[in-house]
file entry_20.cif (mmCIF, C-alpha atoms and all ligand atoms)
data_entry
loop_
_atom_site.label_atom_id
_atom_site.label_comp_id
_atom_site.auth_asym_id
_atom_site.auth_seq_id
_atom_site.Cartn_x
_atom_site.Cartn_y
_atom_site.Cartn_z
CA MET V 1 9.62 -38.99 -18.05
CA SER V 2 7.34 -41.68 -19.46
CA PHE V 3 5.61 -41.25 -22.81
CA LYS V 4 3.01 -43.12 -24.83
CA ILE V 5 4.19 -44.97 -27.92
CA THR V 6 0.68 -46.15 -28.79
CA ASP V 7 -2.60 -46.12 -26.86
CA ALA V 8 -1.57 -49.42 -25.28
CA VAL V 9 2.19 -49.06 -24.92
CA THR V 10 4.04 -46.61 -22.67
CA TRP V 11 7.82 -46.16 -22.43
CA VAL V 12 8.77 -46.30 -18.74
CA GLY V 13 12.56 -46.49 -19.04
CA LYS V 14 15.45 -44.25 -18.06
CA ARG V 15 17.66 -41.93 -20.10
CA ASP V 16 21.23 -42.07 -18.76
CA TRP V 17 22.91 -38.96 -20.13
CA GLU V 18 25.97 -39.36 -17.88
CA LEU V 19 26.99 -42.90 -18.81
CA ARG V 20 30.47 -42.98 -20.35
CA HIS V 21 31.40 -46.63 -19.84
CA PHE V 22 29.36 -49.81 -20.00
CA HIS V 23 30.21 -53.43 -19.13
CA GLY V 24 32.51 -52.02 -16.47
CA GLN V 25 35.12 -50.11 -18.48
CA GLU V 26 34.92 -52.36 -21.54
CA TYR V 27 32.59 -50.33 -23.75
CA SER V 28 32.73 -46.55 -24.15
CA THR V 29 29.42 -44.73 -24.37
CA HIS V 30 30.35 -41.27 -25.65
CA ARG V 31 26.70 -40.32 -26.06
CA GLY V 32 25.22 -41.92 -22.92
CA SER V 33 22.48 -44.52 -23.23
CA THR V 34 18.94 -45.40 -22.30
CA TYR V 35 17.46 -48.41 -20.55
CA ASN V 36 14.13 -48.93 -22.23
CA ALA V 37 11.25 -50.54 -20.37
CA TYR V 38 7.74 -50.73 -21.77
CA LEU V 39 4.32 -51.04 -20.12
CA VAL V 40 1.62 -52.73 -22.19
CA GLN V 41 -1.91 -52.04 -20.95
CA ASP V 42 -4.80 -54.09 -22.29
CA GLU V 43 -7.31 -56.08 -20.20
CA LYS V 44 -4.12 -57.35 -18.60
CA THR V 45 -1.01 -55.29 -17.94
CA ALA V 46 2.51 -56.46 -18.78
CA LEU V 47 5.80 -54.79 -17.98
CA VAL V 48 8.55 -55.54 -20.51
CA GLU V 49 12.00 -55.12 -18.90
CA THR V 50 13.16 -52.83 -16.10
CA VAL V 51 16.29 -50.62 -15.92
CA TRP V 52 19.85 -50.75 -14.55
CA GLY V 53 20.00 -51.18 -10.77
CA PRO V 54 21.22 -47.68 -9.78
CA PHE V 55 18.04 -46.26 -11.32
CA ALA V 56 15.63 -48.78 -9.75
CA GLY V 57 14.18 -46.23 -7.33
CA GLU V 58 13.53 -43.63 -10.06
CA PHE V 59 12.11 -46.35 -12.29
CA ILE V 60 9.58 -47.49 -9.72
CA GLU V 61 8.50 -43.94 -8.88
CA GLN V 62 7.92 -43.28 -12.58
CA LEU V 63 6.11 -46.60 -13.01
CA LYS V 64 3.80 -45.75 -10.11
CA SER V 65 2.89 -42.50 -11.82
CA VAL V 66 1.69 -44.49 -14.85
CA VAL V 67 0.08 -47.53 -13.23
CA ASP V 68 -0.95 -48.79 -9.83
CA LEU V 69 1.68 -51.49 -9.28
CA SER V 70 -1.03 -53.89 -8.08
CA ARG V 71 -2.46 -53.76 -11.62
CA ILE V 72 0.67 -55.31 -13.16
CA ASP V 73 -0.21 -58.89 -14.14
CA TYR V 74 2.98 -60.00 -15.86
CA VAL V 75 6.65 -59.07 -15.87
CA ILE V 76 8.59 -59.96 -19.01
CA ALA V 77 12.35 -60.39 -18.57
CA ASN V 78 13.75 -60.66 -22.09
CA HIS V 79 17.34 -60.67 -20.82
CA ALA V 80 18.92 -61.03 -17.40
CA GLU V 81 21.90 -58.71 -17.85
CA SER V 82 21.64 -56.17 -15.06
CA ASP V 83 21.15 -53.13 -17.29
CA HIS V 84 17.66 -54.57 -17.93
CA SER V 85 16.96 -56.66 -14.85
CA GLY V 86 18.51 -54.35 -12.25
CA GLY V 87 15.12 -52.93 -11.27
CA LEU V 88 13.62 -56.36 -10.63
CA PRO V 89 14.67 -56.92 -6.99
CA GLU V 90 13.08 -53.67 -5.81
CA LEU V 91 10.03 -54.14 -8.01
CA MET V 92 9.48 -57.76 -6.99
CA ARG V 93 9.63 -56.82 -3.33
CA LEU V 94 6.51 -54.74 -4.03
CA ILE V 95 4.71 -57.29 -6.26
CA PRO V 96 6.22 -60.63 -5.17
CA GLU V 97 3.51 -62.91 -6.58
CA VAL V 98 3.51 -61.53 -10.12
CA PRO V 99 4.82 -64.06 -12.66
CA VAL V 100 8.13 -63.31 -14.37
CA TYR V 101 8.19 -64.60 -17.97
CA CYS V 102 11.60 -65.55 -19.33
CA THR V 103 13.48 -68.39 -21.03
CA GLN V 104 14.83 -71.42 -19.20
CA ASN V 105 18.28 -69.86 -19.34
CA GLY V 106 16.71 -66.63 -18.09
CA VAL V 107 15.68 -68.40 -14.88
CA LYS V 108 19.28 -69.56 -14.38
CA SER V 109 20.71 -66.12 -15.07
CA LEU V 110 18.19 -64.22 -12.94
CA LYS V 111 18.62 -66.64 -10.03
CA GLY V 112 22.39 -66.39 -10.52
CA HIS V 113 22.24 -62.63 -10.29
CA TYR V 114 19.68 -62.07 -7.56
CA HIS V 115 19.30 -65.40 -5.73
CA GLN V 116 15.55 -65.00 -5.55
CA ASP V 117 12.89 -67.60 -6.25
CA TRP V 118 10.41 -65.40 -8.05
CA ASN V 119 7.33 -66.86 -9.75
CA PHE V 120 9.20 -67.75 -12.93
CA GLN V 121 7.21 -68.81 -16.00
CA VAL V 122 9.42 -70.38 -18.65
CA VAL V 123 8.46 -69.62 -22.25
CA LYS V 124 9.58 -70.97 -25.62
CA THR V 125 9.49 -69.63 -29.16
CA GLY V 126 5.95 -69.29 -30.47
CA GLN V 127 4.28 -69.35 -27.06
CA ARG V 128 1.63 -66.65 -26.68
CA LEU V 129 0.41 -64.70 -23.68
CA SER V 130 -3.01 -63.11 -24.04
CA LEU V 131 -3.38 -59.59 -22.67
CA GLY V 132 -6.99 -59.21 -23.92
CA ALA V 133 -7.32 -57.80 -27.43
CA ARG V 134 -3.59 -58.20 -27.90
CA GLU V 135 -1.10 -61.02 -27.40
CA LEU V 136 2.58 -61.21 -26.68
CA ILE V 137 4.41 -63.80 -28.78
CA PHE V 138 7.75 -64.95 -27.38
CA ILE V 139 10.77 -65.62 -29.59
CA GLU V 140 13.87 -67.14 -28.01
CA ALA V 141 17.06 -65.51 -29.29
CA PRO V 142 19.94 -67.38 -27.62
CA MET V 143 23.37 -65.72 -27.97
CA LEU V 144 21.91 -62.42 -29.11
CA HIS V 145 23.85 -61.83 -27.07
CA TRP V 146 23.46 -64.05 -23.99
CA PRO V 147 22.07 -67.60 -23.77
CA ASP V 148 18.96 -66.30 -22.01
CA THR V 149 17.99 -63.59 -24.50
CA MET V 150 14.53 -63.52 -26.04
CA PHE V 151 12.40 -61.08 -28.03
CA CYS V 152 8.67 -60.61 -27.77
CA TYR V 153 6.18 -59.33 -30.31
CA LEU V 154 2.94 -57.49 -29.52
CA THR V 155 0.04 -58.28 -31.84
CA GLY V 156 -2.40 -55.50 -32.58
CA GLU V 157 0.39 -52.90 -32.31
CA ASP V 158 2.84 -54.84 -34.53
CA ILE V 159 5.74 -54.03 -32.22
CA LEU V 160 8.86 -56.16 -31.77
CA PHE V 161 10.52 -55.75 -28.37
CA SER V 162 14.00 -56.80 -29.47
CA ASN V 163 16.02 -56.31 -26.29
CA ASP V 164 19.69 -55.55 -27.09
CA ALA V 165 19.36 -56.38 -30.81
CA PHE V 166 18.98 -53.26 -32.96
CA GLY V 167 19.89 -51.17 -29.91
CA HIS V 168 22.47 -48.42 -29.58
CA HIS V 169 23.99 -46.48 -26.75
CA LEU V 170 22.55 -43.05 -27.43
CA ALA V 171 20.76 -40.86 -24.90
CA SER V 172 18.31 -38.48 -26.50
CA GLU V 173 15.23 -36.52 -25.55
CA GLY V 174 13.53 -37.51 -28.81
CA MET V 175 13.14 -41.25 -28.46
CA TYR V 176 12.41 -42.17 -32.09
CA ASN V 177 14.96 -42.87 -34.81
CA ASP V 178 13.64 -40.05 -36.98
CA LEU V 179 14.20 -37.51 -34.19
CA VAL V 180 17.97 -37.92 -33.77
CA ASP V 181 21.04 -37.09 -35.87
CA PRO V 182 21.09 -39.97 -38.40
CA CYS V 183 24.91 -39.99 -38.55
CA ALA V 184 25.22 -40.27 -34.77
CA LEU V 185 22.56 -42.98 -34.76
CA MET V 186 24.35 -45.13 -37.34
CA GLU V 187 27.75 -44.55 -35.70
CA GLU V 188 26.36 -45.93 -32.45
CA CYS V 189 24.59 -48.83 -34.19
CA ILE V 190 27.70 -50.03 -36.03
CA LYS V 191 29.84 -49.59 -32.92
CA TYR V 192 27.33 -51.68 -30.95
CA TYR V 193 27.31 -54.39 -33.61
CA ALA V 194 31.10 -54.43 -34.05
CA ASN V 195 31.92 -54.55 -30.35
CA ILE V 196 29.12 -56.77 -29.05
CA LEU V 197 27.47 -58.76 -31.82
CA THR V 198 30.38 -59.63 -34.15
CA PRO V 199 30.92 -63.08 -32.56
CA PHE V 200 27.24 -63.90 -32.99
CA SER V 201 26.77 -62.94 -36.64
CA ALA V 202 25.60 -66.43 -37.64
CA GLN V 203 22.89 -66.29 -34.98
CA VAL V 204 21.92 -62.75 -36.08
CA LYS V 205 21.34 -63.94 -39.63
CA ARG V 206 19.39 -67.05 -38.57
CA LYS V 207 17.19 -65.13 -36.14
CA ILE V 208 16.28 -62.45 -38.68
CA GLU V 209 15.39 -65.14 -41.23
CA GLU V 210 13.34 -66.98 -38.60
CA PHE V 211 11.44 -63.82 -37.66
CA ALA V 212 10.80 -62.97 -41.31
CA GLY V 213 9.44 -66.51 -41.74
CA LEU V 214 6.77 -65.83 -39.10
CA GLY V 215 5.20 -63.30 -41.48
CA LEU V 216 4.33 -60.89 -38.70
CA PRO V 217 3.67 -57.27 -39.73
CA LEU V 218 6.16 -54.81 -38.26
CA LYS V 219 5.33 -51.21 -37.44
CA MET V 220 8.00 -50.55 -34.83
CA ILE V 221 11.05 -52.11 -33.26
CA CYS V 222 11.43 -51.20 -29.60
CA PRO V 223 14.97 -52.13 -28.49
CA SER V 224 16.18 -51.91 -24.91
CA HIS V 225 18.79 -49.23 -25.62
CA GLY V 226 18.48 -46.03 -27.60
CA THR V 227 15.75 -44.88 -29.91
CA ILE V 228 12.64 -46.68 -31.13
CA TRP V 229 12.70 -47.61 -34.81
CA ARG V 230 9.40 -46.21 -36.09
CA ASP V 231 10.64 -44.70 -39.37
CA ASN V 232 11.30 -47.63 -41.71
CA PRO V 233 12.18 -50.14 -38.98
CA MET V 234 13.33 -52.61 -41.63
CA GLN V 235 16.32 -50.37 -42.35
CA ILE V 236 18.15 -51.59 -39.25
CA VAL V 237 17.12 -55.21 -39.92
CA LYS V 238 18.60 -54.99 -43.42
CA GLN V 239 21.68 -53.28 -42.04
CA TYR V 240 22.15 -56.11 -39.53
CA LEU V 241 21.99 -58.66 -42.34
CA THR V 242 24.71 -56.71 -44.17
CA TRP V 243 26.89 -56.49 -41.06
CA ALA V 244 26.35 -60.19 -40.30
CA GLY V 245 27.85 -61.14 -43.69
CA ASN V 246 31.58 -60.73 -42.91
CA TYR V 247 31.18 -57.01 -43.49
CA GLN V 248 34.00 -54.88 -44.84
CA GLU V 249 34.47 -51.56 -46.61
CA HIS V 250 37.37 -50.55 -48.86
CA GLN V 251 39.40 -49.60 -45.82
CA ALA V 252 42.59 -50.50 -43.99
CA VAL V 253 43.34 -49.74 -40.36
CA ILE V 254 46.77 -49.45 -38.78
CA VAL V 255 46.80 -49.84 -35.00
CA TYR V 256 50.08 -49.22 -33.23
CA ASP V 257 51.73 -48.02 -30.07
CA THR V 258 55.12 -46.40 -29.87
CA MET V 259 57.79 -45.47 -27.29
CA TRP V 260 60.12 -43.03 -29.07
CA ASN V 261 58.15 -42.61 -32.29
CA GLY V 262 60.02 -45.19 -34.36
CA THR V 263 56.97 -47.44 -34.72
CA ARG V 264 54.76 -44.38 -35.30
CA ARG V 265 56.97 -43.32 -38.19
CA MET V 266 56.80 -46.85 -39.59
CA ALA V 267 52.99 -46.74 -39.33
CA GLU V 268 52.83 -43.45 -41.18
CA ALA V 269 55.18 -44.67 -43.94
CA ILE V 270 53.14 -47.86 -44.38
CA ALA V 271 49.99 -45.72 -44.66
CA GLU V 272 51.68 -43.56 -47.33
CA GLY V 273 52.56 -46.66 -49.32
CA MET V 274 49.01 -47.98 -49.12
CA SER V 275 47.60 -44.69 -50.36
CA GLN V 276 50.20 -44.51 -53.15
CA ALA V 277 49.14 -47.94 -54.38
CA ASP V 278 45.43 -47.31 -54.08
CA PRO V 279 44.28 -43.71 -53.51
CA SER V 280 40.67 -44.92 -53.16
CA LEU V 281 41.56 -47.03 -50.11
CA ALA V 282 40.55 -45.39 -46.82
CA VAL V 283 43.59 -45.73 -44.56
CA LYS V 284 43.18 -44.95 -40.87
CA LEU V 285 45.81 -44.87 -38.11
CA TYR V 286 45.19 -45.22 -34.39
CA ASN V 287 47.58 -45.21 -31.48
CA ALA V 288 46.08 -47.91 -29.27
CA ALA V 289 47.25 -46.16 -26.12
CA ARG V 290 45.59 -42.88 -27.05
CA ALA V 291 42.44 -43.68 -29.03
CA ASP V 292 39.26 -45.22 -27.67
CA LYS V 293 39.51 -49.00 -27.94
CA ASN V 294 35.90 -49.51 -28.98
CA ASP V 295 36.16 -46.87 -31.71
CA ILE V 296 39.25 -48.70 -32.97
CA ILE V 297 37.37 -52.01 -32.98
CA THR V 298 34.60 -50.38 -35.02
CA GLU V 299 37.21 -49.37 -37.61
CA VAL V 300 38.63 -52.91 -37.64
CA PHE V 301 35.09 -54.18 -38.28
CA ARG V 302 34.83 -51.84 -41.28
CA SER V 303 38.26 -52.79 -42.71
CA LYS V 304 39.65 -55.35 -45.14
CA VAL V 305 43.04 -55.34 -43.50
CA LEU V 306 44.47 -54.76 -40.04
CA LEU V 307 48.13 -53.90 -39.48
CA VAL V 308 49.35 -53.98 -35.88
CA GLY V 309 52.55 -52.29 -34.76
CA SER V 310 54.55 -52.23 -31.58
CA PRO V 311 58.19 -51.85 -30.63
CA THR V 312 59.75 -54.69 -28.68
CA ILE V 313 59.82 -54.23 -24.91
CA ASN V 314 60.78 -56.85 -22.36
CA ARG V 315 60.84 -59.50 -25.11
CA GLY V 316 57.22 -58.72 -25.99
CA TYR V 317 54.98 -55.88 -27.16
CA LEU V 318 53.46 -52.85 -25.47
CA SER V 319 50.56 -53.38 -23.09
CA SER V 320 48.04 -51.35 -25.09
CA ILE V 321 48.67 -53.66 -28.04
CA GLY V 322 48.29 -56.67 -25.74
CA GLY V 323 44.83 -55.42 -24.70
CA PHE V 324 43.88 -54.68 -28.29
CA LEU V 325 44.97 -58.13 -29.52
CA GLU V 326 42.88 -59.72 -26.78
CA LEU V 327 39.84 -57.75 -27.94
CA VAL V 328 40.21 -58.83 -31.58
CA ARG V 329 40.83 -62.44 -30.54
CA GLY V 330 37.59 -62.53 -28.59
CA LEU V 331 35.49 -60.91 -31.30
CA GLY V 332 36.52 -63.47 -33.92
CA PHE V 333 36.60 -61.25 -37.01
CA LYS V 334 36.44 -63.16 -40.27
CA ASN V 335 37.64 -62.54 -43.83
CA LYS V 336 40.27 -59.92 -42.91
CA LYS V 337 43.92 -59.77 -43.84
CA ALA V 338 46.56 -58.80 -41.29
CA ALA V 339 50.27 -58.34 -40.60
CA ALA V 340 52.52 -56.85 -37.92
CA PHE V 341 55.35 -54.32 -37.80
CA GLY V 342 57.54 -52.65 -35.23
CA ALA V 343 60.84 -51.03 -34.30
CA TYR V 344 63.38 -52.73 -32.05
CA GLY V 345 66.83 -52.25 -30.57
CA TRP V 346 68.19 -55.71 -29.83
CA SER V 347 66.06 -58.84 -29.32
CA GLY V 348 63.12 -57.72 -31.52
CA GLU V 349 60.46 -60.36 -30.75
CA SER V 350 57.39 -58.11 -30.99
CA VAL V 351 56.59 -58.65 -34.68
CA ARG V 352 56.84 -62.43 -34.44
CA LEU V 353 54.65 -62.52 -31.33
CA MET V 354 52.03 -60.15 -32.75
CA THR V 355 51.95 -62.20 -35.96
CA ALA V 356 51.25 -65.34 -33.92
CA GLN V 357 48.45 -63.58 -32.05
CA LEU V 358 46.86 -62.37 -35.29
CA ASN V 359 46.99 -65.91 -36.65
CA GLU V 360 45.36 -67.28 -33.53
CA ALA V 361 42.67 -64.58 -33.74
CA GLY V 362 41.60 -65.89 -37.15
CA PHE V 363 43.08 -63.24 -39.43
CA GLU V 364 44.58 -64.15 -42.79
CA VAL V 365 48.17 -63.21 -41.98
CA VAL V 366 49.73 -62.45 -45.35
CA ASN V 367 53.42 -62.16 -44.45
CA ASP V 368 55.90 -62.23 -41.57
CA GLY V 369 55.68 -58.49 -41.04
CA ILE V 370 58.35 -55.82 -41.12
CA ARG V 371 60.86 -54.62 -38.53
CA ALA V 372 63.13 -51.59 -38.30
CA MET V 373 66.18 -51.48 -36.01
CA TRP V 374 66.46 -48.42 -33.77
CA ASN V 375 64.89 -45.35 -35.28
CA PRO V 376 63.99 -46.03 -38.93
CA ASP V 377 66.15 -44.13 -41.41
CA GLY V 378 65.23 -43.14 -44.94
CA ASP V 379 65.87 -46.61 -46.34
CA ALA V 380 63.85 -48.28 -43.60
CA LEU V 381 60.96 -45.89 -44.15
CA GLU V 382 61.05 -46.57 -47.87
CA GLN V 383 60.86 -50.30 -47.08
CA CYS V 384 57.78 -49.52 -44.98
CA ARG V 385 56.23 -47.62 -47.90
CA ALA V 386 56.91 -50.60 -50.14
CA PHE V 387 55.33 -52.88 -47.50
CA GLY V 388 52.27 -50.61 -47.53
CA ARG V 389 52.16 -50.50 -51.32
CA GLY V 390 52.07 -54.31 -51.34
CA PHE V 391 48.96 -54.23 -49.16
CA GLY V 392 47.39 -51.47 -51.21
CA GLN V 393 47.91 -53.44 -54.41
CA GLY V 394 46.81 -56.68 -52.80
CA LEU V 395 43.47 -55.24 -51.74
CA THR V 396 42.50 -54.09 -55.18
CA VAL V 397 42.78 -57.51 -56.81
FE1 LIG V 401 22.99 -57.48 -22.75
FE2 LIG V 401 21.72 -54.33 -22.65
O1 LIG V 401 22.37 -55.94 -21.96
#

call {"tool": "encode", "arguments": {"input": "entry_20.cif", "output": "structure tokens"}}
result
Amino acid sequence: MSFKITDAVTWVGKRDWELRHFHGQEYSTHRGSTYNAYLVQDEKTALVETVWGPFAGEFIEQLKSVVDLSRIDYVIANHAESDHSGGLPELMRLIPEVPVYCTQNGVKSLKGHYHQDWNFQVVKTGQRLSLGARELIFIEAPMLHWPDTMFCYLTGEDILFSNDAFGHHLASEGMYNDLVDPCALMEECIKYYANILTPFSAQVKRKIEEFAGLGLPLKMICPSHGTIWRDNPMQIVKQYLTWAGNYQEHQAVIVYDTMWNGTRRMAEAIAEGMSQADPSLAVKLYNAARADKNDIITEVFRSKVLLVGSPTINRGYLSSIGGFLELVRGLGFKNKKAAAFGAYGWSGESVRLMTAQLNEAGFEVVNDGIRAMWNPDGDALEQCRAFGRGFGQGLTV
């Protein structure tokens, strides 16, 4: 159901309450999501974004209830990823001559997705599009988080349409940040940043500084997922600057998998040692095969240290740990310590191989890790506690 944000701006997006996975199966969306599209009506009418393809039909029916499609003068495609552009093919069949405003890379991406030669109009940072009393100002935002991404700003309403930036996967009936559970909102925001934006933190910082330098007043941030930031919109901008600065809390996370509980018992003993050394350190344990991978990544993002554990199997480590190590490699975390541990019966390569992977992923690997043969006995568990105490002490200095 559409709703007016201001006299000139109407939300025409889609709440997706059912969504539980995004980017295929790569990103869990425990609380659903929304695909936000916005209609700006002045002397001219501009549509900012569409919705994910499966909802294209619903989107167009809703749009028709707000505006005669023949009155749409401009389509703005801030980002070509199909959760925002998926409604374009059906829409453009109905209004084929209407210009589509996007970046140069946006043309490549949209053509790559849909193989259509729409009336593309390439825009650059600072370019303005007059709608009458108001203007749209375009701001390229490459790698936030695709090369094609851009923002646009609406003068007169002082609204930034920020696309994925400042977004969160959270379906809600109340579509403003002050109308949802603030804890749930921040949980989804940090998860989104940790899992999607971590590799682009340098660009996040530069883009925020560039936008601040434009001196444009800001009443609202309208992202393309989740709620609209109308209550103190700068709070999420400031939070992004904090997260972009090699963020960490006084926390350690232990991620492991286990076959017959030997490596689990090692993980728990290491955690005990960490807490003994520093009771103020938040120590969290996750079995990579049982916990949600994106929730684990969020905890890695928040941590000063990551310990990874797996028994040796087939001269390697368990497959859940393999998937997890690939995730942390790709995200490129910085300024975090790490080490590996694991139980073994004979060849025992897992710790050495995990240590190499952590090194390659950019962690500061502080030692060669710790191994326990067969099921750890009392002495082995005490060695694990001592290993943990070393980390606990090391984090307080
Ligand atoms: Fe990069 Fe919401 O898509």

call {"tool": "residues_around", "arguments": {"input": "entry_20.cif", "residues": "Ala8 in chain V", "least_positions_apart": "3", "cutoff": "9 Å", "atoms": "all atoms listed in the file", "output": "VMD selection string"}}
result
chain V and resid 4 to 5 39 to 42 157

call {"tool": "atom_distance", "arguments": {"input": "entry_20.cif", "atom1": "CA of Ala141 in chain V", "atom2": "CA of Lys44 in chain V"}}
result
25.1 Å

call {"tool": "atom_distance", "arguments": {"input": "entry_20.cif", "atom1": "CA of Ser85 in chain V", "atom2": "CA of Leu19 in chain V"}}
result
17.5 Å

call {"tool": "residues_near_ligand", "arguments": {"input": "entry_20.cif", "ligand": "ligand LIG 401 (chain V)", "cutoff": "10 Å", "atoms": "all atoms listed in the file", "output": "PyMOL selection string"}}
result
chain V and resi 22-23+33-36+51-52+78-85+143-146+148-149+163-165+167-169+196+223-225

call {"tool": "closest_residue", "arguments": {"input": "entry_20.cif", "among": "V:Ile236, V:Leu91, V:Ile190, V:Ala46", "to": "Ser130 in chain V", "atoms": "only C-alpha atoms"}}
result
V:Ala46

call {"tool": "atom_distance", "arguments": {"input": "entry_20.cif", "atom1": "CA of Gly330 in chain V", "atom2": "CA of Ala194 in chain V"}}
result
11.7 Å

call {"tool": "closest_residue", "arguments": {"input": "entry_20.cif", "among": "V:Gln235, V:Thr6, V:Asn119, V:Ser172", "to": "Leu154 in chain V", "atoms": "all atoms listed in the file"}}
result
V:Thr6

call {"tool": "residues_around", "arguments": {"input": "entry_20.cif", "residues": "Tyr344 in chain V", "least_positions_apart": "4", "cutoff": "9 Å", "atoms": "all atoms listed in the file", "output": "PyMOL selection string"}}
result
chain V and resi 262-263+310-313+348-350+371-375

call {"tool": "residues_around", "arguments": {"input": "entry_20.cif", "residues": "Asp278 in chain V", "least_positions_apart": "3", "cutoff": "10 Å", "atoms": "only C-alpha atoms", "output": "ChimeraX atom specification"}}
result
/V:272-275,281-283,389,391-396

call {"tool": "axis_aligned_box", "arguments": {"input": "entry_20.cif", "around": "range 169-181 of chain V", "padding_each_side": "6 Å", "output": "AutoDock Vina command-line options"}}
result
--center_x 18.2 --center_y -41.5 --center_z -30.9 --size_x 23.6 --size_y 22.0 --size_z 24.1

call {"tool": "build_atoms", "arguments": {"input": "entry_20.cif", "residues": "range 59-70 of chain V", "atoms": "N, CA, C and O atoms", "output": "mmCIF file, in the frame of the given file"}}
result
data_model
loop_
_atom_site.group_PDB
_atom_site.id
_atom_site.type_symbol
_atom_site.label_atom_id
_atom_site.label_comp_id
_atom_site.auth_asym_id
_atom_site.auth_seq_id
_atom_site.Cartn_x
_atom_site.Cartn_y
_atom_site.Cartn_z
ATOM 1 N N PHE V 59 12.947 -45.563 -11.388
ATOM 2 C CA PHE V 59 12.110 -46.350 -12.290
ATOM 3 C C PHE V 59 10.772 -46.670 -11.630
ATOM 4 O O PHE V 59 9.702 -46.493 -12.230
ATOM 5 N N ILE V 60 10.817 -47.087 -10.378
ATOM 6 C CA ILE V 60 9.580 -47.490 -9.720
ATOM 7 C C ILE V 60 8.692 -46.269 -9.434
ATOM 8 O O ILE V 60 7.470 -46.329 -9.601
ATOM 9 N N GLU V 61 9.304 -45.164 -9.086
ATOM 10 C CA GLU V 61 8.500 -43.940 -8.880
ATOM 11 C C GLU V 61 7.792 -43.556 -10.170
ATOM 12 O O GLU V 61 6.618 -43.186 -10.166
ATOM 13 N N GLN V 62 8.527 -43.624 -11.282
ATOM 14 C CA GLN V 62 7.920 -43.280 -12.580
ATOM 15 C C GLN V 62 6.816 -44.272 -12.929
ATOM 16 O O GLN V 62 5.743 -43.885 -13.392
ATOM 17 N N LEU V 63 7.098 -45.555 -12.688
ATOM 18 C CA LEU V 63 6.110 -46.600 -13.010
ATOM 19 C C LEU V 63 4.821 -46.373 -12.219
ATOM 20 O O LEU V 63 3.716 -46.497 -12.757
ATOM 21 N N LYS V 64 4.978 -45.992 -10.957
ATOM 22 C CA LYS V 64 3.800 -45.750 -10.110
ATOM 23 C C LYS V 64 2.972 -44.578 -10.632
ATOM 24 O O LYS V 64 1.767 -44.517 -10.394
ATOM 25 N N SER V 65 3.633 -43.643 -11.295
ATOM 26 C CA SER V 65 2.890 -42.500 -11.820
ATOM 27 C C SER V 65 2.074 -42.883 -13.062
ATOM 28 O O SER V 65 1.186 -42.147 -13.476
ATOM 29 N N VAL V 66 2.400 -44.039 -13.641
ATOM 30 C CA VAL V 66 1.690 -44.490 -14.850
ATOM 31 C C VAL V 66 0.643 -45.543 -14.494
ATOM 32 O O VAL V 66 -0.444 -45.572 -15.064
ATOM 33 N N VAL V 67 0.965 -46.412 -13.548
ATOM 34 C CA VAL V 67 0.080 -47.530 -13.230
ATOM 35 C C VAL V 67 0.169 -47.856 -11.738
ATOM 36 O O VAL V 67 1.246 -47.714 -11.133
ATOM 37 N N ASP V 68 -0.959 -48.243 -11.188
ATOM 38 C CA ASP V 68 -0.950 -48.790 -9.830
ATOM 39 C C ASP V 68 -0.213 -50.132 -9.904
ATOM 40 O O ASP V 68 -0.608 -51.013 -10.672
ATOM 41 N N LEU V 69 0.857 -50.286 -9.135
ATOM 42 C CA LEU V 69 1.680 -51.490 -9.280
ATOM 43 C C LEU V 69 0.867 -52.776 -9.094
ATOM 44 O O LEU V 69 1.194 -53.810 -9.681
ATOM 45 N N SER V 70 -0.207 -52.689 -8.302
ATOM 46 C CA SER V 70 -1.030 -53.890 -8.080
ATOM 47 C C SER V 70 -1.782 -54.297 -9.345
ATOM 48 O O SER V 70 -2.338 -55.383 -9.416
#
